[in-house]
Amino acid sequence: MAGVSDSAPSGPDSRRRLVQPPFGKLEAGEDAAAALCREAREEVGLRLDPASLTLVSTVHFRNEHGEGRLGLFFLPQRWDGEPVNAEPHKCSRIAWFPMGALPDNTYPYTRLGVELYATSRNFAVHGWNITGSQSGPADG
């Protein structure tokens with residue numbers, strides 16, 4: 001199962017709702033595990049145990065605006081709390097979907113990260129269109 005939210009992005013795409021897990025950028029002085037724990041607490045009210053996190057997939061992607069990002073997908077083994085919509089001004093709802101049946105409006109790199117995990121693969125690039133390179137899963 002994948003825990004995902006139906007979020008409303010800002011800007012020109014604000015009418016489009018996209019399904020994606022809790023996410024965000026690193027704050028100054030913050031490592032990836034600390035950022036995940038902070039975002040989970042802020043967005044869905046869960047307190048993750050950083051020592052229980054396992055990196056399960058990585059997606060190096062470029063969005064439709066040409067901005068490059070590195071998406072890290074973690075599996076927590078321990079947490080406190082029950083998921084709630086802690087940011088209703090940004091997210092219309094939270095829901096659980098089977099990994100093999102994500103909604104059509106799942107953000108593309110999110111879908112790829114979940115698919116990598118579901119198929120025991122761990123790395124892919126998406127959106128780069130580099131000569132000689134293919135978008136999609138790569139052996140890792």
# chains A, B, ... in the order shown; residues from 1 in each chain; ligands from 1
$ residues_around --residues "Gly71 (chain A)" --least-positions-apart "6" --cutoff "10 Å" --atoms "only C-alpha atoms" --output "ChimeraX atom specification"
/A:23-25,57-61,109-110,113,123-125
$ select_by_dssp --residues "region 14-135 of chain A" --states "alpha helix (DSSP H)" --output "number ranges by chain"
A: 32-44, 108-118
$ write_last_selection --atoms "C-alpha atoms" --output "compact mmCIF listing (two decimals), in the first residue's frame"
# COMPACT_ATOMS: atom_id res chain seq x y z
CA ALA A 32 17.36 13.64 4.25
CA ALA A 33 16.13 11.55 7.20
CA ALA A 34 15.46 14.65 9.32
CA ALA A 35 13.61 16.27 6.41
CA LEU A 36 11.40 13.21 5.93
CA CYS A 37 10.58 13.07 9.63
CA ARG A 38 9.73 16.80 9.65
CA GLU A 39 7.58 16.59 6.50
CA ALA A 40 5.68 13.53 7.78
CA ARG A 41 4.94 15.35 11.05
CA GLU A 42 3.92 18.60 9.30
CA GLU A 43 1.84 17.04 6.51
CA VAL A 44 0.26 13.91 7.99
CA PRO A 108 4.91 10.88 -12.56
CA TYR A 109 8.08 10.67 -10.45
CA THR A 110 6.01 9.44 -7.48
CA ARG A 111 4.57 6.65 -9.63
CA LEU A 112 8.06 5.73 -10.80
CA GLY A 113 9.46 5.68 -7.24
CA VAL A 114 6.63 3.40 -6.05
CA GLU A 115 7.01 1.13 -9.09
CA LEU A 116 10.74 0.82 -8.43
CA TYR A 117 10.07 -0.28 -4.86
CA ALA A 118 7.29 -2.68 -5.90
$ closest_residue --among "A:His126, A:Arg121, A:Lys90, A:Arg69" --to "Leu18 (chain A)" --atoms "only C-alpha atoms"
A:Lys90
